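Structure below is upload_17.pdb: PDB, C-alpha atoms.
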ATOM      1  CA  MET A 694       8.357  -3.555  16.168
ATOM      2  CA  ASP A 695       7.164  -6.131  18.679
ATOM      3  CA  ILE A 696       6.485  -3.397  21.242
ATOM      4  CA  LEU A 697       4.419  -1.528  18.625
ATOM      5  CA  ASN A 698       2.512  -4.695  17.774
ATOM      6  CA  ASN A 699       1.753  -5.351  21.445
ATOM      7  CA  LYS A 700       0.439  -1.813  21.834
ATOM      8  CA  LEU A 701      -1.804  -2.176  18.799
ATOM      9  CA  VAL A 702      -3.177  -5.521  19.979
ATOM     10  CA  GLN A 703      -3.964  -4.007  23.372
ATOM     11  CA  TRP A 704      -5.662  -0.986  21.790
ATOM     12  CA  LEU A 705      -7.706  -3.217  19.471
ATOM     13  CA  PHE A 706      -9.141  -5.109  22.435
ATOM     14  CA  GLN A 707      -9.453  -2.053  24.676
ATOM     15  CA  THR A 708     -11.689  -0.247  22.153
ATOM     16  CA  ASP A 709     -13.552  -3.419  21.059
ATOM     17  CA  ALA A 710     -12.118  -2.905  17.578
ATOM     18  CA  LEU A 711     -11.202  -6.587  17.882
ATOM     19  CA  LYS A 712     -13.731  -8.508  19.923
ATOM     20  CA  VAL A 713     -13.669 -12.213  20.735
ATOM     21  CA  SER A 714     -16.894 -14.013  21.634
ATOM     22  CA  ASP A 715     -17.473 -16.260  24.597
ATOM     23  CA  ALA A 716     -16.426 -19.802  23.673
ATOM     24  CA  ASN A 717     -20.048 -20.990  23.836
ATOM     25  CA  LYS A 718     -21.551 -18.065  21.911
ATOM     26  CA  PRO A 719     -19.864 -17.195  18.600
ATOM     27  CA  PHE A 720     -20.945 -14.157  16.611
ATOM     28  CA  TRP A 721     -23.384 -14.287  13.721
ATOM     29  CA  TYR A 722     -22.013 -12.638  10.586
ATOM     30  CA  THR A 723     -24.173 -11.014   7.913
ATOM     31  CA  SER A 724     -23.387 -13.889   5.523
ATOM     32  CA  GLY A 725     -25.230 -16.358   7.755
ATOM     33  CA  THR A 726     -21.993 -17.881   9.011
ATOM     34  CA  ILE A 727     -20.680 -17.831  12.558
ATOM     35  CA  GLY A 728     -17.265 -17.100  13.983
ATOM     36  CA  PRO A 729     -15.463 -16.278  17.215
ATOM     37  CA  TYR A 730     -14.340 -12.718  16.521
ATOM     38  CA  TYR A 731     -15.182  -9.591  14.618
ATOM     39  CA  ILE A 732     -13.162  -6.539  13.684
ATOM     40  CA  ASN A 733     -14.284  -2.909  13.538
ATOM     41  CA  THR A 734     -10.977  -1.130  13.150
ATOM     42  CA  HIS A 735     -12.596   2.316  13.169
ATOM     43  CA  PHE A 736     -13.436   1.800  16.857
ATOM     44  CA  LEU A 737      -9.772   2.718  17.409
ATOM     45  CA  TYR A 738     -11.109   6.267  17.140
ATOM     46  CA  GLY A 739     -11.689   5.737  20.860
ATOM     47  CA  ASN A 740     -14.746   3.544  21.246
ATOM     48  CA  GLU A 741     -17.815   2.337  19.354
ATOM     49  CA  GLU A 742     -20.032   5.275  20.303
ATOM     50  CA  LYS A 743     -17.532   7.907  19.174
ATOM     51  CA  ALA A 744     -16.755   6.009  15.978
ATOM     52  CA  ASN A 745     -20.432   5.702  15.055
ATOM     53  CA  LYS A 746     -20.962   9.392  15.742
ATOM     54  CA  LEU A 747     -18.115  10.242  13.383
ATOM     55  CA  LEU A 748     -19.570   7.925  10.724
ATOM     56  CA  ASP A 749     -22.881   9.773  11.024
ATOM     57  CA  PHE A 750     -21.076  13.070  10.468
ATOM     58  CA  ILE A 751     -19.287  11.658   7.427
ATOM     59  CA  ASN A 752     -22.515  10.324   5.948
ATOM     60  CA  ASN A 753     -24.275  13.652   6.425
ATOM     61  CA  SER A 754     -21.435  15.918   5.286
ATOM     62  CA  LYS A 755     -19.271  14.103   2.733
ATOM     63  CA  ASP A 756     -21.129  15.436  -0.309
ATOM     64  CA  ASP A 757     -20.218  19.038   0.577
ATOM     65  CA  ILE A 758     -16.836  18.446  -0.992
ATOM     66  CA  TYR A 759     -15.430  21.952  -0.480
ATOM     67  CA  THR A 760     -16.195  22.152   3.249
ATOM     68  CA  PHE A 761     -16.145  18.501   4.333
ATOM     69  CA  PRO A 762     -12.344  17.874   4.452
ATOM     70  CA  ALA A 763     -11.653  20.856   6.715
ATOM     71  CA  GLU A 764     -14.614  20.088   8.980
ATOM     72  CA  LEU A 765     -13.610  16.430   9.270
ATOM     73  CA  THR A 766      -9.974  17.312   9.936
ATOM     74  CA  THR A 767     -11.036  19.687  12.715
ATOM     75  CA  ILE A 768     -13.088  16.941  14.382
ATOM     76  CA  LEU A 769     -10.286  14.388  13.983
ATOM     77  CA  TRP A 770      -7.702  16.834  15.339
ATOM     78  CA  GLU A 771      -9.811  17.568  18.407
ATOM     79  CA  ASN A 772     -10.131  13.839  19.115
ATOM     80  CA  TYR A 773      -6.395  13.379  18.490
ATOM     81  CA  ASN A 774      -5.704  15.903  21.234
ATOM     82  CA  ASN A 775      -8.180  14.371  23.680
ATOM     83  CA  ASP A 776      -8.107  10.596  23.160
ATOM     84  CA  LEU A 777      -4.855   8.895  24.141
ATOM     85  CA  ILE A 778      -5.510   5.721  22.139
ATOM     86  CA  PHE A 779      -6.398   7.558  18.932
ATOM     87  CA  LYS A 780      -3.412   9.906  19.314
ATOM     88  CA  GLY A 781      -1.142   6.961  20.051
ATOM     89  CA  LEU A 782      -2.389   5.129  16.986
ATOM     90  CA  ILE A 783      -2.007   8.067  14.599
ATOM     91  CA  ASP A 784       1.484   8.757  15.942
ATOM     92  CA  GLN A 785       2.404   5.089  15.472
ATOM     93  CA  ILE A 786       1.074   5.122  11.895
ATOM     94  CA  CYS A 787       3.334   8.088  11.128
ATOM     95  CA  ILE A 788       6.341   6.421  12.772
ATOM     96  CA  PHE A 789       5.605   3.181  10.923
ATOM     97  CA  ILE A 790       5.508   5.017   7.582
ATOM     98  CA  LYS A 791       8.745   6.908   8.298
ATOM     99  CA  ASN A 792      10.460   3.637   9.166
ATOM    100  CA  THR A 793       9.088   1.801   6.127
ATOM    101  CA  ILE A 794       8.915   4.192   3.162
ATOM    102  CA  ASN A 795      11.113   7.108   2.125
ATOM    103  CA  LEU A 796       8.881  10.135   2.723
ATOM    104  CA  ASP A 797      10.451  11.965  -0.218
ATOM    105  CA  ASP A 798       9.084   9.244  -2.517
ATOM    106  CA  ILE A 799       5.491   9.880  -1.394
ATOM    107  CA  ASP A 800       3.723  12.606  -3.361
ATOM    108  CA  TYR A 801       0.201  12.079  -1.988
ATOM    109  CA  ILE A 802      -1.589  10.206   0.761
ATOM    110  CA  SER A 803      -5.029   8.843  -0.079
ATOM    111  CA  GLY A 804      -7.961   7.406   1.838
ATOM    112  CA  GLY A 805     -11.155   5.813   0.577
ATOM    113  CA  GLU A 806     -14.755   6.406   1.625
ATOM    114  CA  ARG A 807     -15.455   6.093   4.583
ATOM    115  CA  ARG A 808     -13.483   4.373   7.311
ATOM    116  CA  ASP A 809     -10.078   4.991   5.769
ATOM    117  CA  TRP A 810     -10.700   8.691   6.404
ATOM    118  CA  PHE A 811     -10.620   8.127  10.168
ATOM    119  CA  PHE A 812      -6.866   7.653   9.768
ATOM    120  CA  SER A 813      -5.734   9.022   6.393
ATOM    121  CA  PHE A 814      -6.537  12.705   6.923
ATOM    122  CA  LEU A 815      -4.438  13.172  10.059
ATOM    123  CA  THR A 816      -1.627  11.016   8.717
ATOM    124  CA  ALA A 817      -1.423  13.331   5.701
ATOM    125  CA  LYS A 818      -1.599  16.405   7.948
ATOM    126  CA  LEU A 819       1.163  15.240  10.290
ATOM    127  CA  LEU A 820       3.419  14.124   7.430
ATOM    128  CA  ASP A 821       2.639  17.318   5.486
ATOM    129  CA  LYS A 822       1.406  15.557   2.368
ATOM    130  CA  PRO A 823      -1.589  16.474   0.173
ATOM    131  CA  HIS A 824      -4.580  14.223   0.917
ATOM    132  CA  LEU A 825      -6.577  12.597  -1.879
ATOM    133  CA  THR A 826     -10.151  12.040  -0.736
ATOM    134  CA  ILE A 827     -11.474   9.122  -2.796
ATOM    135  CA  TYR A 828     -15.219   8.497  -3.026
ATOM    136  CA  LYS A 829     -16.936   5.248  -3.918
ATOM    137  CA  ASP A 830     -18.045   6.755  -7.247
ATOM    138  CA  LEU A 831     -14.304   7.162  -8.081
ATOM    139  CA  SER A 832     -14.357  10.958  -7.781
ATOM    140  CA  ILE A 833     -11.341  12.517  -6.055
ATOM    141  CA  ASN A 834     -10.572  15.811  -4.373
ATOM    142  CA  GLU A 835      -7.261  17.088  -3.051
ATOM    143  CA  TYR A 836      -7.010  18.627   0.415
ATOM    144  CA  TYR A 837      -3.850  20.402   1.499
ATOM    145  CA  HIS A 838      -3.238  23.202   3.992
ATOM    146  CA  ASN A 839      -6.978  23.799   4.485
ATOM    147  CA  TYR A 840      -7.606  24.153   0.766
ATOM    148  CA  VAL A 841      -9.766  21.821  -1.336
ATOM    149  CA  SER A 842      -9.323  21.472  -5.079
ATOM    150  CA  THR A 843     -10.496  19.135  -7.778
ATOM    151  CA  ILE A 844      -7.682  17.242  -9.420
ATOM    152  CA  ASN A 845      -7.678  15.901 -12.971
ATOM    153  CA  ASP A 846      -4.100  14.786 -13.564
ATOM    154  CA  LEU A 847      -1.613  13.375 -11.075
ATOM    155  CA  LYS A 848       1.080  13.266 -13.768
ATOM    156  CA  GLY A 849       2.401   9.871 -12.721
ATOM    157  CA  LYS A 850       2.864  10.851  -9.079
ATOM    158  CA  SER A 851       3.222   8.193  -6.372
ATOM    159  CA  VAL A 852       0.464   7.654  -3.819
ATOM    160  CA  LEU A 853       0.430   5.989  -0.401
ATOM    161  CA  HIS A 854      -3.036   4.684   0.471
ATOM    162  CA  ILE A 855      -4.000   4.475   4.142
ATOM    163  CA  ALA A 856      -6.698   1.963   5.078
ATOM    164  CA  ASP A 857      -8.228   0.742   8.284
ATOM    165  CA  LEU A 858      -8.507  -2.885   7.184
ATOM    166  CA  VAL A 859      -7.746  -5.160   4.265
ATOM    167  CA  THR A 860      -9.576  -8.452   3.768
ATOM    168  CA  GLU A 861      -9.620  -9.514   0.116
ATOM    169  CA  ALA A 862      -8.705  -6.016  -1.184
ATOM    170  CA  SER A 863     -11.894  -5.850  -3.254
ATOM    171  CA  SER A 864     -12.322  -2.105  -2.555
ATOM    172  CA  TYR A 865      -8.854  -1.450  -3.929
ATOM    173  CA  GLU A 866      -9.541  -3.419  -7.102
ATOM    174  CA  ARG A 867     -13.012  -1.986  -7.602
ATOM    175  CA  ALA A 868     -12.498   1.648  -6.599
ATOM    176  CA  TRP A 869      -9.313   3.036  -5.050
ATOM    177  CA  ILE A 870      -6.763   1.884  -7.630
ATOM    178  CA  PRO A 871      -8.946   2.676 -10.703
ATOM    179  CA  ALA A 872      -9.825   6.111  -9.256
ATOM    180  CA  ILE A 873      -6.155   7.039  -8.969
ATOM    181  CA  LYS A 874      -5.235   5.469 -12.319
ATOM    182  CA  GLN A 875      -7.921   7.376 -14.182
ATOM    183  CA  ILE A 876      -6.123  10.617 -13.321
ATOM    184  CA  SER A 877      -2.694   9.179 -14.152
ATOM    185  CA  GLY A 878      -1.552   8.459 -10.612
ATOM    186  CA  ASN A 879      -0.107   5.326  -9.099
ATOM    187  CA  ILE A 880      -0.889   3.772  -5.715
ATOM    188  CA  LYS A 881       2.534   2.284  -4.988
ATOM    189  CA  TRP A 882       2.045   1.378  -1.324
ATOM    190  CA  SER A 883      -0.716   0.854   1.180
ATOM    191  CA  VAL A 884      -0.337   0.972   4.945
ATOM    192  CA  VAL A 885      -3.201  -0.750   6.747
ATOM    193  CA  ILE A 886      -3.812  -1.020  10.456
ATOM    194  CA  VAL A 887      -5.170  -4.565  10.212
ATOM    195  CA  ASP A 888      -4.611  -7.283   7.614
ATOM    196  CA  ARG A 889      -7.095 -10.142   7.999
ATOM    197  CA  ASN A 890      -4.847 -12.463   5.979
ATOM    198  CA  GLN A 891      -7.630 -13.390   3.573
ATOM    199  CA  GLY A 892      -5.877 -12.835   0.248
ATOM    200  CA  GLY A 893      -5.629  -9.053   0.148
ATOM    201  CA  ARG A 894      -1.835  -8.925   0.086
ATOM    202  CA  GLU A 895      -1.657 -11.354  -2.842
ATOM    203  CA  LEU A 896      -4.196  -9.454  -4.917
ATOM    204  CA  LEU A 897      -2.549  -6.102  -4.221
ATOM    205  CA  SER A 898       0.815  -7.531  -5.233
ATOM    206  CA  LYS A 899      -0.687  -8.569  -8.584
ATOM    207  CA  LEU A 900      -2.061  -5.037  -8.928
ATOM    208  CA  GLY A 901       1.363  -3.526  -8.282
ATOM    209  CA  VAL A 902       0.728  -2.284  -4.729
ATOM    210  CA  ILE A 903       3.050  -3.116  -1.826
ATOM    211  CA  LEU A 904       1.042  -3.779   1.336
ATOM    212  CA  TYR A 905       2.455  -2.844   4.737
ATOM    213  CA  PRO A 906       0.172  -4.072   7.551
ATOM    214  CA  MET A 907       0.709  -2.942  11.129
ATOM    215  CA  VAL A 908      -1.131  -5.943  12.601
ATOM    216  CA  HIS A 909      -1.848  -9.369  11.087
ATOM    217  CA  ILE A 910      -4.927 -11.181  12.357
ATOM    218  CA  ASP A 911      -3.353 -14.584  12.781
ATOM    219  CA  LYS A 912      -2.323 -17.032  15.479
ATOM    220  CA  GLY A 913       0.392 -14.680  16.680
ATOM    221  CA  THR A 914      -2.134 -11.935  17.424
ATOM    222  CA  PHE A 915      -4.159 -14.236  19.636
ATOM    223  CA  ASP A 916      -1.021 -15.672  21.251
ATOM    224  CA  LYS A 917      -0.263 -12.128  22.370
ATOM    225  CA  ALA A 918      -3.867 -11.572  23.492
ATOM    226  CA  LEU A 919      -3.777 -14.740  25.594
ATOM    227  CA  ASN A 920      -0.431 -13.841  27.144
ATOM    228  CA  MET A 921      -1.690 -10.334  27.939
ATOM    229  CA  GLY A 922      -4.821 -11.713  29.614
ATOM    230  CA  LEU A 923      -7.155 -10.199  27.025
ATOM    231  CA  ILE A 924      -8.791 -13.576  26.256
ATOM    232  CA  ASN A 925      -9.027 -16.869  28.123
ATOM    233  CA  ASN A 926      -7.932 -20.350  27.063
ATOM    234  CA  ASP A 927     -11.385 -21.422  25.834
ATOM    235  CA  GLN A 928     -11.676 -18.327  23.653
ATOM    236  CA  TYR A 929      -8.143 -18.827  22.367
ATOM    237  CA  ASN A 930      -8.763 -22.449  21.404
ATOM    238  CA  MET A 931     -11.968 -21.576  19.567
ATOM    239  CA  VAL A 932     -10.236 -18.803  17.621
ATOM    240  CA  ILE A 933      -7.267 -20.980  16.639
ATOM    241  CA  ASN A 934      -9.586 -23.780  15.460
ATOM    242  CA  PHE A 935     -11.485 -21.192  13.420
ATOM    243  CA  ILE A 936      -8.298 -19.776  11.868
ATOM    244  CA  ASN A 937      -7.159 -23.274  10.913
ATOM    245  CA  ASP A 938     -10.514 -24.349   9.451
ATOM    246  CA  PRO A 939     -13.340 -21.769   9.583
ATOM    247  CA  LYS A 940     -16.124 -23.906   8.147
ATOM    248  CA  ASN A 941     -15.493 -27.250   9.806
ATOM    249  CA  SER A 942     -14.666 -25.781  13.213
ATOM    250  CA  MET A 943     -18.008 -23.945  13.280
ATOM    251  CA  LYS A 944     -19.834 -26.976  11.885
ATOM    252  CA  LYS A 945     -18.433 -28.996  14.769
ATOM    253  CA  PHE A 946     -19.517 -26.310  17.231
ATOM    254  CA  LEU A 947     -23.100 -26.421  15.938
ATOM    255  CA  GLN A 948     -23.165 -30.208  16.105
ATOM    256  CA  GLU A 949     -21.951 -30.157  19.694
ATOM    257  CA  ASN A 950     -24.197 -27.241  20.712
ATOM    258  CA  PRO A 951     -27.573 -27.691  18.927
ATOM    259  CA  GLU A 952     -29.247 -25.323  21.385
ATOM    260  CA  PHE A 953     -27.162 -22.426  20.016
ATOM    261  CA  LEU A 954     -28.985 -22.466  16.680
ATOM    262  CA  GLN A 955     -32.366 -22.984  18.351
ATOM    263  CA  ASN A 956     -31.796 -20.068  20.722
ATOM    264  CA  SER A 957     -30.628 -17.878  17.844
ATOM    265  CA  LEU A 958     -33.778 -18.589  15.835
ATOM    266  CA  ALA A 959     -35.909 -17.753  18.863
ATOM    267  CA  SER A 960     -34.094 -14.537  19.710
ATOM    268  CA  GLY A 961     -35.594 -12.404  16.933
ATOM    269  CA  GLY A 962     -33.998  -9.486  15.117
ATOM    270  CA  LYS A 963     -30.787  -9.706  13.110
ATOM    271  CA  ILE A 964     -29.569 -12.813  14.913
ATOM    272  CA  ALA A 965     -32.669 -14.762  13.938
ATOM    273  CA  GLU A 966     -32.428 -13.477  10.359
ATOM    274  CA  ARG A 967     -28.834 -14.635  10.080
ATOM    275  CA  ALA A 968     -29.617 -18.003  11.656
ATOM    276  CA  LYS A 969     -32.436 -18.506   9.120
ATOM    277  CA  LEU A 970     -30.044 -17.563   6.316
ATOM    278  CA  CYS A 971     -27.612 -20.161   7.598
ATOM    279  CA  ILE A 972     -30.301 -22.849   7.403
ATOM    280  CA  GLU A 973     -31.675 -21.717   4.026
ATOM    281  CA  ARG A 974     -28.223 -21.787   2.466
ATOM    282  CA  ASN A 975     -27.326 -25.024   4.241
ATOM    283  CA  ILE A 976     -23.966 -23.439   5.006
ATOM    284  CA  TYR A 977     -22.764 -26.095   7.400
ATOM    285  CA  GLY A 978     -24.482 -29.086   5.835
TER
END
Is it possible to give me this structure as structure tokens?
Amino acid sequence: MDILNNKLVQWLFQTDALKVSDANKPFWYTSGTIGPYYINTHFLYGNEEKANKLLDFINNSKDDIYTFPAELTTILWENYNNDLIFKGLIDQICIFIKNTINLDDIDYISGGERRDWFFSFLTAKLLDKPHLTIYKDLSINEYYHNYVSTINDLKGKSVLHIADLVTEASSYERAWIPAIKQISGNIKWSVVIVDRNQGGRELLSKLGVILYPMVHIDKGTFDKALNMGLINNDQYNMVINFINDPKNSMKKFLQENPEFLQNSLASGGKIAERAKLCIERNIYG
């Protein structure tokens, strides 16, 4: 398991799916807060450019429900056969599932719009399970052996949900679990590539879903990254301070580096907008 975790950590950094800022230049988040890392798990598709291209395809094609699953699977399969990181990841997801859950207990594999689909379709294909394509409007279609069908009753069947990332599990509570329940199915488990350790596991447990993360974003992840030479000591220290106390660690950074906020306001674009939001909301006091 430790070897698998090391591989995943390396792949996360190699594709910029997990990116740590310079110690003197944290990232601006859309909320107007700052922090030393961000996560875009779908970059594990190979890199940012390829992942964004696939997102564009999904956005443009997902409403053609009877052709979209096959077209997406074809694109994913081609990348699986040409990108060593993506193939390695999908293979490891399948191994992880086989080692964690009895495959005979899994009736369906599901994935939610949009980034879950990067990983759920091929996992279902390789494990030979029907795929439930869940949309944000709670509609669902089944895809199995190149055939798409609408599905109105799962008859109490058990579902494994594949997700790229879990933070607070709000998407599960709002959409994925209700969508499956409304057609009498049951999401019993969820395998996620990355768990941000921000309450998702606890909420899913209350909702009756067992969460199986492949990587936890915690001190241990960054210990590995430091030991593997993926980050330096200054970056590591900033991240650990942030994990221990997100608000006060960033407040201290701003107090010690007043030019950071000034430069952000002067830079224009999204950075300036987020810096203004930070001031307007008086986030750090």
- Message: One number please: atom CA of A:Ser864 to atom CA of A:His838, in Å, one decimal.
- Response: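 About the pair atom CA of A:Ser864 and atom CA of A:His838: they are 27.7 Å apart.
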- Message: On this structure, the PyMOL selection byres ((chain A and resi 880) around 9) would catch which residues? List them as a VMD selection string, sorted by chain and number.
- Response: chain A and resid 803 850 to 854 869 to 870 873 to 874 878 to 879 881 to 883 901 to 903
- Task: Point out the residue among A:Lys848, A:Arg889, A:Lys822, A:Lys746 with the least atom-to-atom distance to A:Ser877, counting only C-alpha atoms.
- Result: A:Lys848
- Name every residue that the PyMOL selection byres ((chain A and resi 770) around 12) selects in this structure, writing the answer as a PyMOL selection string with chains first and numbers rising. chain A and resi 738+762-769+771-776+779-780+783+811-812+814-816+818-819
- Query: From the list A:Ile794, A:Ala744, A:Leu701, A:Leu820, which residue is nearest A:Tyr905 when using all atoms listed in the file?
  - Reply: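 Closest residue, counting all atoms listed in the file: A:Ile794.
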